[in-house]
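The file coords.txt comes next; it holds compact mmCIF, C-alpha atoms and all ligand atoms.
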```txt
# COMPACT_ATOMS: atom_id res chain seq x y z
CA MET A 23 -2.11 -20.89 -11.14
CA ALA A 24 -5.45 -20.16 -12.83
CA ALA A 25 -5.99 -16.71 -14.37
CA GLY A 26 -7.15 -14.23 -11.78
CA GLU A 27 -6.05 -16.24 -8.76
CA VAL A 28 -3.48 -14.64 -6.53
CA GLY A 29 -0.78 -17.01 -5.36
CA LEU A 30 1.63 -14.89 -3.29
CA GLN A 31 0.51 -14.21 0.25
CA ALA A 32 2.14 -11.59 2.46
CA ILE A 33 -0.25 -12.41 5.32
CA ARG A 34 -1.26 -15.93 6.38
CA TYR A 35 -3.95 -15.94 9.00
CA SER A 36 -6.26 -18.34 10.77
CA ARG A 37 -7.92 -17.48 14.07
CA GLY A 38 -5.19 -17.52 16.73
CA ARG A 39 -2.28 -17.68 14.27
CA LEU A 40 -0.63 -14.97 12.15
CA GLN A 41 2.34 -15.47 9.86
CA LEU A 42 3.99 -12.75 7.79
CA LEU A 43 6.14 -13.37 4.74
CA ASP A 44 9.51 -11.78 5.54
CA GLN A 45 9.74 -9.35 2.61
CA ARG A 46 13.30 -8.36 3.55
CA LYS A 47 14.42 -11.80 2.40
CA LEU A 48 12.60 -11.85 -0.97
CA PRO A 49 13.17 -12.80 -3.71
CA LEU A 50 15.92 -15.18 -2.66
CA GLU A 51 14.26 -16.77 0.37
CA THR A 52 10.63 -17.44 1.23
CA ILE A 53 10.35 -17.40 5.01
CA TYR A 54 7.21 -16.85 7.08
CA ILE A 55 7.59 -15.37 10.54
CA ASP A 56 5.09 -16.11 13.31
CA VAL A 57 3.68 -13.01 14.99
CA TYR A 58 2.24 -13.68 18.42
CA ASP A 59 1.07 -10.28 19.58
CA SER A 60 0.75 -6.58 18.82
CA SER A 61 4.31 -5.91 19.95
CA GLY A 62 5.51 -8.44 17.37
CA GLY A 63 3.23 -6.77 14.83
CA TRP A 64 4.70 -3.35 15.63
CA HIS A 65 8.25 -4.61 15.11
CA ALA A 66 7.37 -6.48 11.89
CA ILE A 67 5.96 -3.25 10.44
CA GLN A 68 8.79 -1.02 11.68
CA ASP A 69 11.44 -3.46 10.37
CA MET A 70 9.68 -3.86 6.97
CA VAL A 71 8.96 -7.58 7.33
CA VAL A 72 5.56 -6.46 6.05
CA ARG A 73 5.12 -3.20 4.13
CA GLY A 74 2.70 -1.51 1.77
CA ALA A 75 -0.07 0.66 3.23
CA PRO A 76 -3.00 -1.82 3.18
CA ALA A 77 -0.86 -4.78 4.31
CA ILE A 78 0.53 -2.77 7.23
CA ALA A 79 -3.00 -1.96 8.44
CA ILE A 80 -4.22 -5.55 8.18
CA ALA A 81 -1.11 -7.09 9.73
CA ALA A 82 -1.35 -4.67 12.66
CA ALA A 83 -5.05 -5.39 13.24
CA LEU A 84 -4.51 -9.15 13.04
CA SER A 85 -1.47 -9.13 15.33
CA LEU A 86 -3.72 -7.75 18.06
CA ALA A 87 -6.46 -10.25 17.15
CA VAL A 88 -4.00 -13.11 17.69
CA GLU A 89 -2.86 -11.63 20.99
CA ALA A 90 -6.46 -11.18 22.13
CA VAL A 91 -7.51 -14.73 21.22
CA ASN A 92 -4.49 -16.32 22.91
CA LEU A 93 -4.47 -14.20 26.08
CA GLU A 94 -3.68 -16.37 29.09
CA THR A 95 -5.14 -13.88 31.53
CA LYS A 96 -8.33 -12.50 30.05
CA PRO A 97 -9.61 -9.02 30.94
CA THR A 98 -11.94 -9.27 33.91
CA SER A 99 -14.24 -6.40 32.98
CA LEU A 100 -15.56 -4.65 29.91
CA ASP A 101 -13.50 -1.57 30.66
CA GLU A 102 -10.35 -3.64 31.07
CA ALA A 103 -11.00 -5.33 27.70
CA LEU A 104 -11.52 -1.97 26.03
CA HIS A 105 -8.38 -0.54 27.64
CA PHE A 106 -6.36 -3.58 26.52
CA LEU A 107 -7.50 -3.20 22.90
CA HIS A 108 -7.29 0.58 22.59
CA THR A 109 -3.86 1.07 24.17
CA ARG A 110 -2.41 -1.55 21.85
CA LEU A 111 -4.08 -0.01 18.79
CA ASP A 112 -2.65 3.39 19.78
CA HIS A 113 0.82 1.83 19.96
CA LEU A 114 0.50 0.01 16.63
CA VAL A 115 -0.32 3.30 14.89
CA THR A 116 3.13 4.62 15.87
CA SER A 117 4.98 1.91 13.91
CA ARG A 118 5.22 3.91 10.65
CA PRO A 119 3.89 7.45 10.22
CA THR A 120 3.10 8.12 6.56
CA ALA A 121 0.47 5.61 5.43
CA VAL A 122 -2.97 6.56 6.75
CA ASN A 123 -4.54 3.10 6.30
CA LEU A 124 -3.30 1.91 9.70
CA LEU A 125 -4.71 4.96 11.49
CA ASP A 126 -7.97 4.52 9.60
CA ALA A 127 -8.15 0.82 10.58
CA ALA A 128 -7.32 1.55 14.23
CA THR A 129 -9.96 4.30 14.39
CA LYS A 130 -12.62 2.01 12.89
CA LEU A 131 -11.69 -0.84 15.25
CA LYS A 132 -11.81 1.50 18.24
CA ASN A 133 -15.22 2.81 17.22
CA LYS A 134 -16.51 -0.71 16.73
CA THR A 135 -15.28 -1.90 20.12
CA SER A 136 -16.60 1.22 21.82
CA ASP A 137 -20.08 0.63 20.42
CA ALA A 138 -22.16 0.12 23.59
CA ALA A 139 -24.70 -2.02 21.75
CA LEU A 140 -22.04 -4.66 21.01
CA ARG A 141 -20.45 -4.62 24.45
CA THR A 142 -22.13 -7.29 26.49
CA SER A 143 -19.18 -8.91 28.30
CA ASN A 144 -15.41 -8.73 28.32
CA ALA A 145 -15.26 -11.95 26.27
CA ALA A 146 -17.77 -10.58 23.75
CA GLU A 147 -15.74 -7.40 23.53
CA ILE A 148 -12.67 -9.37 22.45
CA LEU A 149 -14.73 -11.27 19.88
CA VAL A 150 -16.14 -8.04 18.45
CA TYR A 151 -12.57 -6.94 17.88
CA VAL A 152 -11.39 -10.22 16.37
CA ASP A 153 -14.38 -10.43 14.00
CA ALA A 154 -13.84 -6.82 12.87
CA ALA A 155 -10.09 -7.32 12.30
CA GLU A 156 -10.74 -10.50 10.29
CA ALA A 157 -13.37 -8.70 8.20
CA MET A 158 -10.69 -6.19 7.13
CA LEU A 159 -8.71 -8.96 5.46
CA ALA A 160 -11.65 -10.01 3.26
CA ALA A 161 -12.69 -6.42 2.57
CA ASP A 162 -9.22 -5.52 1.27
CA ILE A 163 -9.26 -8.27 -1.36
CA ALA A 164 -12.70 -7.21 -2.61
CA SER A 165 -11.67 -3.56 -2.71
CA ASN A 166 -8.50 -4.34 -4.68
CA LYS A 167 -10.41 -6.30 -7.30
CA ALA A 168 -12.78 -3.34 -7.71
CA ILE A 169 -9.80 -0.96 -8.10
CA GLY A 170 -8.31 -3.33 -10.69
CA ASP A 171 -11.45 -3.40 -12.80
CA TYR A 172 -12.18 0.34 -12.58
CA GLY A 173 -8.55 1.10 -13.43
CA ALA A 174 -8.23 -1.28 -16.36
CA ASP A 175 -11.41 0.13 -17.93
CA LEU A 176 -10.25 3.71 -17.36
CA ILE A 177 -6.76 3.24 -18.76
CA SER A 178 -7.85 1.30 -21.83
CA GLY A 179 -10.77 3.70 -22.39
CA GLN A 180 -8.58 6.82 -22.19
CA SER A 181 -5.70 5.50 -24.28
CA LYS A 182 -5.28 6.67 -27.85
CA ARG A 183 -3.18 3.63 -28.77
CA ASP A 184 -4.69 0.95 -31.00
CA GLY A 185 -3.73 -2.37 -29.51
CA LYS A 186 -2.13 -3.46 -26.25
CA LEU A 187 -0.84 -0.90 -23.75
CA SER A 188 2.39 -0.48 -21.85
CA VAL A 189 2.42 1.03 -18.39
CA LEU A 190 5.04 2.14 -15.90
CA THR A 191 4.71 1.50 -12.17
CA HIS A 192 6.74 2.17 -9.04
CA CYS A 193 7.46 0.42 -5.75
CA ASN A 194 5.36 -2.64 -4.90
CA THR A 195 1.59 -2.34 -4.76
CA GLY A 196 0.70 -5.98 -5.44
CA SER A 197 -0.28 -9.04 -3.42
CA LEU A 198 2.73 -8.42 -1.20
CA ALA A 199 1.53 -4.92 -0.26
CA THR A 200 -2.10 -5.85 0.37
CA ALA A 201 -4.24 -8.81 1.48
CA ALA A 202 -4.11 -9.97 -2.16
CA TYR A 203 -4.37 -8.77 -5.77
CA GLY A 204 -2.95 -5.30 -5.20
CA THR A 205 -3.89 -1.72 -6.02
CA ALA A 206 -1.80 -0.23 -8.86
CA LEU A 207 -0.46 -3.71 -9.58
CA GLY A 208 -4.06 -4.94 -9.37
CA VAL A 209 -4.94 -2.52 -12.20
CA ILE A 210 -2.04 -3.96 -14.22
CA ARG A 211 -3.16 -7.50 -13.35
CA SER A 212 -6.70 -6.68 -14.57
CA LEU A 213 -5.35 -5.12 -17.79
CA ASN A 214 -3.38 -8.30 -18.38
CA LEU A 215 -6.36 -10.55 -17.63
CA GLN A 216 -8.40 -8.55 -20.15
CA GLY A 217 -5.69 -9.15 -22.77
CA LYS A 218 -4.93 -5.41 -23.00
CA LEU A 219 -1.41 -5.33 -21.53
CA ASN A 220 1.64 -5.27 -23.72
CA THR A 221 4.35 -4.68 -21.08
CA VAL A 222 4.60 -3.34 -17.56
CA TYR A 223 7.81 -1.50 -16.74
CA CYS A 224 8.69 -1.54 -13.04
CA THR A 225 11.27 0.66 -11.39
CA GLU A 226 13.81 -0.89 -9.05
CA THR A 227 12.65 1.62 -6.35
CA ARG A 228 15.81 2.56 -4.49
CA PRO A 229 16.86 2.26 -1.77
CA PHE A 230 14.71 -0.60 -0.44
CA ASN A 231 14.24 -2.09 -3.92
CA GLN A 232 10.57 -2.93 -3.55
CA GLY A 233 10.39 -2.86 -7.36
CA SER A 234 13.32 -5.12 -8.26
CA ARG A 235 12.87 -7.50 -5.35
CA LEU A 236 9.08 -7.62 -4.87
CA THR A 237 7.22 -6.30 -7.93
CA ALA A 238 9.57 -8.06 -10.34
CA TYR A 239 9.10 -11.24 -8.28
CA GLU A 240 5.31 -10.98 -8.45
CA LEU A 241 5.34 -10.25 -12.19
CA VAL A 242 7.66 -13.16 -13.00
CA TYR A 243 5.65 -15.44 -10.67
CA GLU A 244 2.44 -14.55 -12.50
CA LYS A 245 3.95 -14.52 -15.97
CA ILE A 246 2.93 -10.93 -16.64
CA PRO A 247 5.14 -9.45 -19.40
CA ALA A 248 7.46 -7.10 -17.54
CA VAL A 249 10.70 -5.14 -17.81
CA LEU A 250 12.74 -3.85 -14.86
CA ILE A 251 14.35 -0.42 -15.14
CA ALA A 252 16.64 1.63 -12.90
CA ASP A 253 14.77 4.51 -11.24
CA SER A 254 17.02 6.89 -13.15
CA ALA A 255 15.85 5.44 -16.51
CA ALA A 256 12.20 6.41 -15.94
CA ALA A 257 12.26 9.83 -17.65
CA ALA A 258 14.13 8.44 -20.65
CA LEU A 259 11.59 5.63 -20.91
CA GLN A 260 8.72 8.12 -20.82
CA SER A 261 10.33 10.20 -23.55
CA SER A 262 10.63 7.10 -25.76
CA GLY A 263 6.92 7.00 -26.60
CA LYS A 264 6.58 3.45 -25.26
CA ILE A 265 4.52 4.32 -22.18
CA ASP A 266 0.73 4.77 -22.35
CA ALA A 267 0.14 5.41 -18.65
CA VAL A 268 1.86 5.58 -15.30
CA VAL A 269 0.01 3.95 -12.40
CA VAL A 270 1.18 4.04 -8.79
CA GLY A 271 -0.23 3.41 -5.32
CA ALA A 272 -0.67 5.76 -2.38
CA ASP A 273 0.13 5.91 1.30
CA ARG A 274 -1.98 8.98 2.08
CA ILE A 275 -4.14 11.15 -0.14
CA ALA A 276 -5.18 14.61 1.08
CA SER A 277 -8.64 16.04 0.34
CA ASN A 278 -7.32 17.99 -2.66
CA GLY A 279 -5.67 14.88 -4.14
CA ASP A 280 -2.05 15.59 -3.17
CA THR A 281 -0.62 12.10 -2.74
CA ALA A 282 2.13 10.68 -0.55
CA ASN A 283 3.69 7.59 -2.06
CA LYS A 284 7.08 5.89 -2.31
CA ILE A 285 10.01 8.23 -2.83
CA GLY A 286 10.49 8.79 -6.55
CA THR A 287 6.77 8.93 -7.38
CA TYR A 288 6.99 12.71 -7.76
CA ASN A 289 9.83 12.33 -10.30
CA LEU A 290 7.67 9.95 -12.36
CA ALA A 291 4.72 12.36 -12.23
CA LEU A 292 6.84 15.31 -13.38
CA ALA A 293 8.17 13.35 -16.34
CA ALA A 294 4.68 12.07 -17.21
CA PHE A 295 3.32 15.65 -17.12
CA HIS A 296 6.13 16.85 -19.38
CA HIS A 297 5.50 14.06 -21.89
CA GLY A 298 1.68 14.24 -21.77
CA ILE A 299 1.35 10.73 -20.33
CA PRO A 300 -1.66 10.11 -18.04
CA PHE A 301 -0.59 9.61 -14.41
CA TYR A 302 -2.95 7.57 -12.23
CA VAL A 303 -3.00 6.93 -8.48
CA ALA A 304 -4.75 3.67 -7.52
CA ALA A 305 -5.79 3.30 -3.88
CA PRO A 306 -8.71 2.28 -1.67
CA LEU A 307 -10.79 4.98 0.03
CA THR A 308 -8.99 3.97 3.25
CA SER A 309 -5.90 5.75 1.85
CA ILE A 310 -7.71 9.11 1.89
CA ASP A 311 -7.12 11.40 4.85
CA THR A 312 -10.09 13.75 4.91
CA ALA A 313 -8.55 15.64 7.84
CA LEU A 314 -5.90 17.11 5.53
CA SER A 315 -6.77 19.81 3.01
CA SER A 316 -3.46 19.39 1.16
CA GLY A 317 -0.32 17.29 1.21
CA ASP A 318 1.68 20.00 3.03
CA SER A 319 1.13 18.48 6.47
CA ILE A 320 1.67 14.81 5.60
CA VAL A 321 4.45 13.45 7.80
CA ILE A 322 7.16 11.88 5.67
CA GLU A 323 9.00 8.99 7.28
CA GLU A 324 12.78 9.20 7.19
CA ARG A 325 14.53 5.86 7.37
CA SER A 326 17.98 4.73 8.42
CA SER A 327 20.99 6.09 6.54
CA LYS A 328 22.19 2.46 6.32
CA GLU A 329 19.59 1.80 3.60
CA LEU A 330 21.71 4.08 1.40
CA THR A 331 25.21 3.53 2.68
CA HIS A 332 25.00 -0.28 2.62
CA SER A 333 23.75 -2.68 -0.04
CA HIS A 334 20.70 -4.92 0.36
CA ALA A 335 18.66 -2.07 1.87
CA GLY A 336 21.12 -1.66 4.71
CA HIS A 337 21.71 -5.35 5.43
CA GLY A 338 24.68 -5.93 3.07
CA PRO A 339 28.23 -4.58 2.76
CA GLN A 340 28.98 -0.86 2.89
CA VAL A 341 28.86 0.84 -0.52
CA ALA A 342 29.02 4.57 0.33
CA ALA A 343 31.97 6.55 1.64
CA SER A 344 32.36 6.40 5.41
CA GLY A 345 31.36 9.63 7.12
CA ILE A 346 28.97 10.89 4.42
CA SER A 347 25.72 12.48 5.70
CA VAL A 348 22.52 10.97 4.33
CA TRP A 349 18.93 12.14 3.70
CA ASN A 350 16.65 9.14 3.22
CA PRO A 351 12.96 10.07 2.99
CA ALA A 352 10.81 6.99 2.35
CA PHE A 353 8.02 8.92 0.60
CA ASP A 354 7.35 12.08 -1.38
CA ILE A 355 4.28 14.15 -2.19
CA THR A 356 2.98 14.33 -5.74
CA PRO A 357 0.86 17.48 -6.17
CA ALA A 358 -2.72 16.91 -7.38
CA LYS A 359 -1.97 19.05 -10.41
CA LEU A 360 0.21 16.25 -11.82
CA ILE A 361 -2.36 13.48 -11.23
CA THR A 362 -4.81 12.67 -14.03
CA ALA A 363 -7.28 10.64 -11.94
CA ILE A 364 -7.50 8.65 -8.71
CA ILE A 365 -8.74 5.07 -9.14
CA THR A 366 -10.57 3.89 -6.01
CA ASP A 367 -12.61 0.88 -4.97
CA LYS A 368 -15.73 3.03 -5.34
CA GLY A 369 -14.94 4.46 -8.76
CA ILE A 370 -12.78 7.06 -10.46
CA ILE A 371 -12.16 10.50 -8.97
CA THR A 372 -11.52 13.16 -11.60
CA LYS A 373 -10.96 16.90 -11.24
CA PRO A 374 -13.87 19.29 -11.65
CA GLU A 375 -13.73 21.04 -15.06
CA GLY A 376 -10.98 23.71 -15.03
CA SER A 377 -9.67 22.74 -11.56
CA LEU A 378 -6.08 21.75 -10.78
CA VAL A 379 -7.13 19.83 -7.67
CA PHE A 380 -9.63 17.08 -6.81
CA ASP A 381 -12.87 17.52 -4.85
CA ILE A 382 -12.47 14.33 -2.86
CA LEU A 383 -14.93 15.33 -0.13
CA GLY A 384 -17.55 15.85 -2.85
CA PHE A 385 -16.79 12.39 -4.25
CA LEU A 386 -17.05 10.80 -0.81
CA ASN A 387 -20.36 12.53 -0.11
CA ALA A 388 -21.74 11.15 -3.35
CA HIS A 389 -20.57 7.56 -2.65
O1 LIG B 401 7.81 1.68 2.29
P1 LIG B 401 6.73 0.82 1.70
O2 LIG B 401 7.25 -0.36 0.95
O3 LIG B 401 5.69 0.45 2.73
O4 LIG B 401 6.01 1.76 0.64
C1 LIG B 401 4.95 1.25 -0.11
C2 LIG B 401 4.36 2.24 -1.05
O5 LIG B 401 4.77 3.37 -1.14
C3 LIG B 401 3.17 1.77 -1.83
O6 LIG B 401 3.13 2.40 -3.09
C4 LIG B 401 1.89 2.14 -1.06
O7 LIG B 401 1.99 1.75 0.26
C5 LIG B 401 0.70 1.49 -1.66
S1 LIG B 401 0.72 -0.28 -1.47
C6 LIG B 401 -0.71 -0.85 -2.13
```
Using the file provided, produce a representation of the structure as structure tokens.
Ligand code: MRU
Amino acid sequence: MAAGEVGLQAIRYSRGRLQLLDQRKLPLETIYIDVYDSSGGWHAIQDMVVRGAPAIAIAAALSLAVEAVNLETKPTSLDEALHFLHTRLDHLVTSRPTAVNLLDAATKLKNKTSDAALRTSNAAEILVYVDAAEAMLAADIASNKAIGDYGADLISGQSKRDGKLSVLTHCNTGSLATAAYGTALGVIRSLNLQGKLNTVYCTETRPFNQGSRLTAYELVYEKIPAVLIADSAAAALQSSGKIDAVVVGADRIASNGDTANKIGTYNLALAAFHHGIPFYVAAPLTSIDTALSSGDSIVIEERSSKELTHSHAGHGPQVAASGISVWNPAFDITPAKLITAIITDKGIITKPEGSLVFDILGFLNAH
């Protein structure tokens, strides 16, 4: 694979056909599942066939595009077409609650299809939707490359180390979590392409093991120098002096910068703060929820206790004592105070001088 190309594909799409790489089976098996409609899309997201905030949004939008293109009985009026699209978008949004990208995509697609100027016939209405959903796929790749370049420049510019840098990341934020390239992993990819990366350390990311199964797979596949660590080794690693920066993704960022991301992100941020290591969140603007002033009201998804009590993220043999109660939140909130900067597709968001929180609305107004 040539430098800069992205080989792994979570989402394979051509008009009328959607296939999702079954991420539950990685890294041992590479199996693509056909998704025929929005109900199939909903289940694929809920069951973690596809995961990662941007990939969830795109897979959902495209599952409805496939359904719309292949409809045997087409809507007979404009209103019927609109009703068909909007009720399914509303349902898709319920598949997983924490990442805001899907809600953002559904809102944009609803606005687009409600635009009276574009609505000329029921068939045109469907095409407006399909074109807009397909455009999201291309836009995500471009936005990830921008995040990668902004982030690599920021991290290498802010580092005091002479020579190549080592970074720590969490969960999977790469090609498998996006249309391609990745967000936090895109930053690491760009650092590597620029010849500035020494080593990336990836956490295993219990209990679903997105780090050991997916990120490690991507890093080996792309020959990026990488070391896997247990989640519980992260503070010790940060105290060792080996880590120049921590970079993670986001599922929802509130207006003050509080960030929901994979469970365990908060632990990494606390350790980074203690050791004076810069802690970066890398995410597209579509991960920002301007309706929330802080992270307090972000809904945190709780997943099945089986992910903890059984191996292989709930699909293998039982490993925990029978009868034990379980708390299994899929995400946590890292307070803005612990975040050094937010790397977006439109540039870097930093805190105003002397402030513990970000002025994200101010950044958005200026961009
Ligand atoms: O439960 P997951 O695997 O969907 O969680 C994924 C994460 O938390 C990622 O860090 C986040 O979605 C950003 S992906 C670019």
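Of the listed residues A:Asn166, A:Thr356, A:Asn283, A:Ser347, the one whose atoms come nearest to Ser316 (chain A) is A:Thr356, with distances taken using only C-alpha atoms.
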Original post:
Which protein, DNA or RNA residues have an atom within 7 Å of ligand LIG 401 (chain B), counting only C-alpha atoms and all ligand atoms, as an NGL selection string?
Top reply: :A and (73-76 or 121 or 192-196 or 199-200 or 204-206 or 232 or 270-273 or 283-284 or 305 or 352-353)
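Distances to Val71 (chain A) were evaluated for A:Ala127, A:Ile322, A:Leu42, A:Ala201 using all atoms listed in the file, and the minimum falls at A:Leu42.
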**OP:** Using all atoms listed in the file, pick whichever of A:Leu140, A:Leu215, A:Val72, A:Ala160 has the shortest atom-to-atom distance to Ser117 (chain A).
**Re:** A:Val72
**OP:** May I have the residues within 12 Å of Ala66 (chain A) as number ranges by chain, using all atoms listed in the file and disregarding those fewer than 4 positions away in the same chain?
**Re:** A: 32-33, 40-46, 54-62, 70-73, 77-79, 81-82, 85, 114, 117-118
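Among the candidate residues A:Ile346, A:Ile285, A:Leu149, A:Leu176, the one lying nearest to Thr372 (chain A) is A:Leu176, with distances computed using all atoms listed in the file.
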**OP:** Quote the spacing between CA of Pro306 (chain A) and CA of Asp367 (chain A) in Å to one decimal place.
**Re:** 5.3 Å
**OP:** Please determine the residues with any atom at most 10 Å from (-4.1, 12.0, -1.1) (coordinates as given in the file, with all atoms listed in the file counting) and report them as number ranges by chain.
**Re:** A: 122, 272-283, 303, 305, 307, 309-312, 314-317, 320, 355-358, 364, 380, 382
**OP:** Rank nothing, just name the residue among A:Ala145, A:Leu30, A:Ala168, A:Ala304 nearest to Val268 (chain A), using all atoms listed in the file.
**Re:** A:Ala304
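We find CA of Thr129 (chain A) and CA of Leu104 (chain A) to be spaced 13.3 Å apart.
Proximity to Ile177 (chain A) at 9 Å, evaluated using all atoms listed in the file and with sequence-adjacent residues fewer than 6 positions away removed, yields Leu187, Val209, Leu213, Asp266, Ala267, Pro300 and Tyr302 of chain A.
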Same residues, C-alpha atoms, output as a short mmCIF file (atom, residue, chain, number, x, y, z; two decimals), in the coordinates of the input:
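Generated file (again-v6.cif):
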```
data_model
loop_
_atom_site.label_atom_id
_atom_site.label_comp_id
_atom_site.auth_asym_id
_atom_site.auth_seq_id
_atom_site.Cartn_x
_atom_site.Cartn_y
_atom_site.Cartn_z
CA LEU A 187 -0.84 -0.90 -23.75
CA VAL A 209 -4.94 -2.52 -12.20
CA LEU A 213 -5.35 -5.12 -17.79
CA ASP A 266 0.73 4.77 -22.35
CA ALA A 267 0.14 5.41 -18.65
CA PRO A 300 -1.66 10.11 -18.04
CA TYR A 302 -2.95 7.57 -12.23
#
```
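Reported to one decimal place, the separation of CA of Thr308 (chain A) from CA of Asn133 (chain A) is 15.3 Å.
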Original post:
Skipping near chain neighbours, those fewer than 5 positions away, what residues fall within 10 Å of Ala294 (chain A) using all atoms listed in the file, listed as a VMD selection string?
Top reply: chain A and resid 256 to 257 260 to 261 265 to 268 288 to 289 299 to 301 360 to 361
With a distance cut-off of 10 Å and only C-alpha atoms, select the neighbouring residues of region 237-246 of chain A, excluding the residue or stretch itself and same-chain residues fewer than 5 positions from it, and output the selection as a JSON list (two decimals) with C-alpha atoms, in the frame of the given file.
```json
[["chain", "number", "residue", "atom", "x", "y", "z"],
["A", 23, "MET", "CA", -2.11, -20.89, -11.14],
["A", 24, "ALA", "CA", -5.45, -20.16, -12.83],
["A", 25, "ALA", "CA", -5.99, -16.71, -14.37],
["A", 26, "GLY", "CA", -7.15, -14.23, -11.78],
["A", 27, "GLU", "CA", -6.05, -16.24, -8.76],
["A", 28, "VAL", "CA", -3.48, -14.64, -6.53],
["A", 29, "GLY", "CA", -0.78, -17.01, -5.36],
["A", 30, "LEU", "CA", 1.63, -14.89, -3.29],
["A", 48, "LEU", "CA", 12.60, -11.85, -0.97],
["A", 49, "PRO", "CA", 13.17, -12.80, -3.71],
["A", 50, "LEU", "CA", 15.92, -15.18, -2.66],
["A", 191, "THR", "CA", 4.71, 1.50, -12.17],
["A", 192, "HIS", "CA", 6.74, 2.17, -9.04],
["A", 193, "CYS", "CA", 7.46, 0.42, -5.75],
["A", 194, "ASN", "CA", 5.36, -2.64, -4.90],
["A", 195, "THR", "CA", 1.59, -2.34, -4.76],
["A", 196, "GLY", "CA", 0.70, -5.98, -5.44],
["A", 197, "SER", "CA", -0.28, -9.04, -3.42],
["A", 198, "LEU", "CA", 2.73, -8.42, -1.20],
["A", 199, "ALA", "CA", 1.53, -4.92, -0.26],
["A", 207, "LEU", "CA", -0.46, -3.71, -9.58],
["A", 210, "ILE", "CA", -2.04, -3.96, -14.22],
["A", 211, "ARG", "CA", -3.16, -7.50, -13.35],
["A", 214, "ASN", "CA", -3.38, -8.30, -18.38],
["A", 215, "LEU", "CA", -6.36, -10.55, -17.63],
["A", 219, "LEU", "CA", -1.41, -5.33, -21.53],
["A", 220, "ASN", "CA", 1.64, -5.27, -23.72],
["A", 221, "THR", "CA", 4.35, -4.68, -21.08],
["A", 222, "VAL", "CA", 4.60, -3.34, -17.56],
["A", 223, "TYR", "CA", 7.81, -1.50, -16.74],
["A", 224, "CYS", "CA", 8.69, -1.54, -13.04],
["A", 225, "THR", "CA", 11.27, 0.66, -11.39],
["A", 226, "GLU", "CA", 13.81, -0.89, -9.05],
["A", 227, "THR", "CA", 12.65, 1.62, -6.35],
["A", 231, "ASN", "CA", 14.24, -2.09, -3.92],
["A", 232, "GLN", "CA", 10.57, -2.93, -3.55]]
```
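For Ala138 (chain A), the residues within 12 Å (counting only C-alpha atoms, excluding itself and residues fewer than 5 positions away along the chain) are Leu100, Asp101, Leu104, Lys132, Asn133, Ser143, Ala146, Glu147 and Val150 of chain A.
Distance check against Leu383 (chain A) using all atoms listed in the file: of A:Ala293, A:Val348, A:Ala313, A:Asp126, the minimum falls on A:Ala313.
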First collect every listed atom of region 355-371 of chain A; then fit an axis-aligned box around them, widen it by 8 Å on each side, and give centre and edge lengths in Å to one decimal, as JSON.
```
{"center_x": -5.7, "center_y": 10.0, "center_z": -8.1, "size_x": 36.0, "size_y": 34.2, "size_z": 27.8}
```
Subject >> Polymer residues at most 12 Å from (-13.8, -0.2, 29.5) by all atoms listed in the file, as a list in words >> reply: Pro97, Thr98, Ser99, Leu100, Asp101, Glu102, Ala103, Leu104, His105, Phe106, Leu107, His108, Thr109, Lys132, Thr135, Ser136, Asp137, Ala138, Arg141, Thr142, Ser143, Asn144, Glu147 and Ile148 of chain A
Extract region 187-196 of chain A from the structure I just pasted (atoms: N, CA and C atoms) and return it as a PDB file, in the first residue's frame.
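Contents of out-v4.pdb, freshly written:
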```pdb
ATOM      1  N   LEU A 187       8.528  11.515  18.022  1.00  0.00           N
ATOM      2  CA  LEU A 187       7.639  11.572  19.187  1.00  0.00           C
ATOM      3  C   LEU A 187       6.899  10.252  19.400  1.00  0.00           C
ATOM      4  N   SER A 188       6.570  10.013  20.660  1.00  0.00           N
ATOM      5  CA  SER A 188       5.727   8.859  20.981  1.00  0.00           C
ATOM      6  C   SER A 188       4.410   9.346  21.566  1.00  0.00           C
ATOM      7  N   VAL A 189       3.334   8.740  21.104  1.00  0.00           N
ATOM      8  CA  VAL A 189       2.014   9.168  21.575  1.00  0.00           C
ATOM      9  C   VAL A 189       1.224   7.965  22.079  1.00  0.00           C
ATOM     10  N   LEU A 190       0.264   8.277  22.921  1.00  0.00           N
ATOM     11  CA  LEU A 190      -0.631   7.258  23.476  1.00  0.00           C
ATOM     12  C   LEU A 190      -2.031   7.535  22.956  1.00  0.00           C
ATOM     13  N   THR A 191      -2.727   6.486  22.521  1.00  0.00           N
ATOM     14  CA  THR A 191      -4.113   6.666  22.078  1.00  0.00           C
ATOM     15  C   THR A 191      -5.005   5.591  22.688  1.00  0.00           C
ATOM     16  N   HIS A 192      -6.303   5.764  22.516  1.00  0.00           N
ATOM     17  CA  HIS A 192      -7.292   4.912  23.183  1.00  0.00           C
ATOM     18  C   HIS A 192      -8.390   4.545  22.190  1.00  0.00           C
ATOM     19  N   CYS A 193      -8.968   3.368  22.383  1.00  0.00           N
ATOM     20  CA  CYS A 193     -10.083   2.904  21.553  1.00  0.00           C
ATOM     21  C   CYS A 193      -9.638   2.792  20.099  1.00  0.00           C
ATOM     22  N   ASN A 194     -10.575   2.848  19.182  1.00  0.00           N
ATOM     23  CA  ASN A 194     -10.224   2.863  17.755  1.00  0.00           C
ATOM     24  C   ASN A 194     -10.862   4.063  17.090  1.00  0.00           C
ATOM     25  N   THR A 195     -10.014   4.892  16.505  1.00  0.00           N
ATOM     26  CA  THR A 195     -10.470   6.127  15.851  1.00  0.00           C
ATOM     27  C   THR A 195      -9.927   6.188  14.426  1.00  0.00           C
ATOM     28  N   GLY A 196      -9.642   5.025  13.845  1.00  0.00           N
ATOM     29  CA  GLY A 196      -8.974   4.985  12.546  1.00  0.00           C
ATOM     30  C   GLY A 196      -9.933   4.777  11.390  1.00  0.00           C
TER      31      GLY A 196
END
```
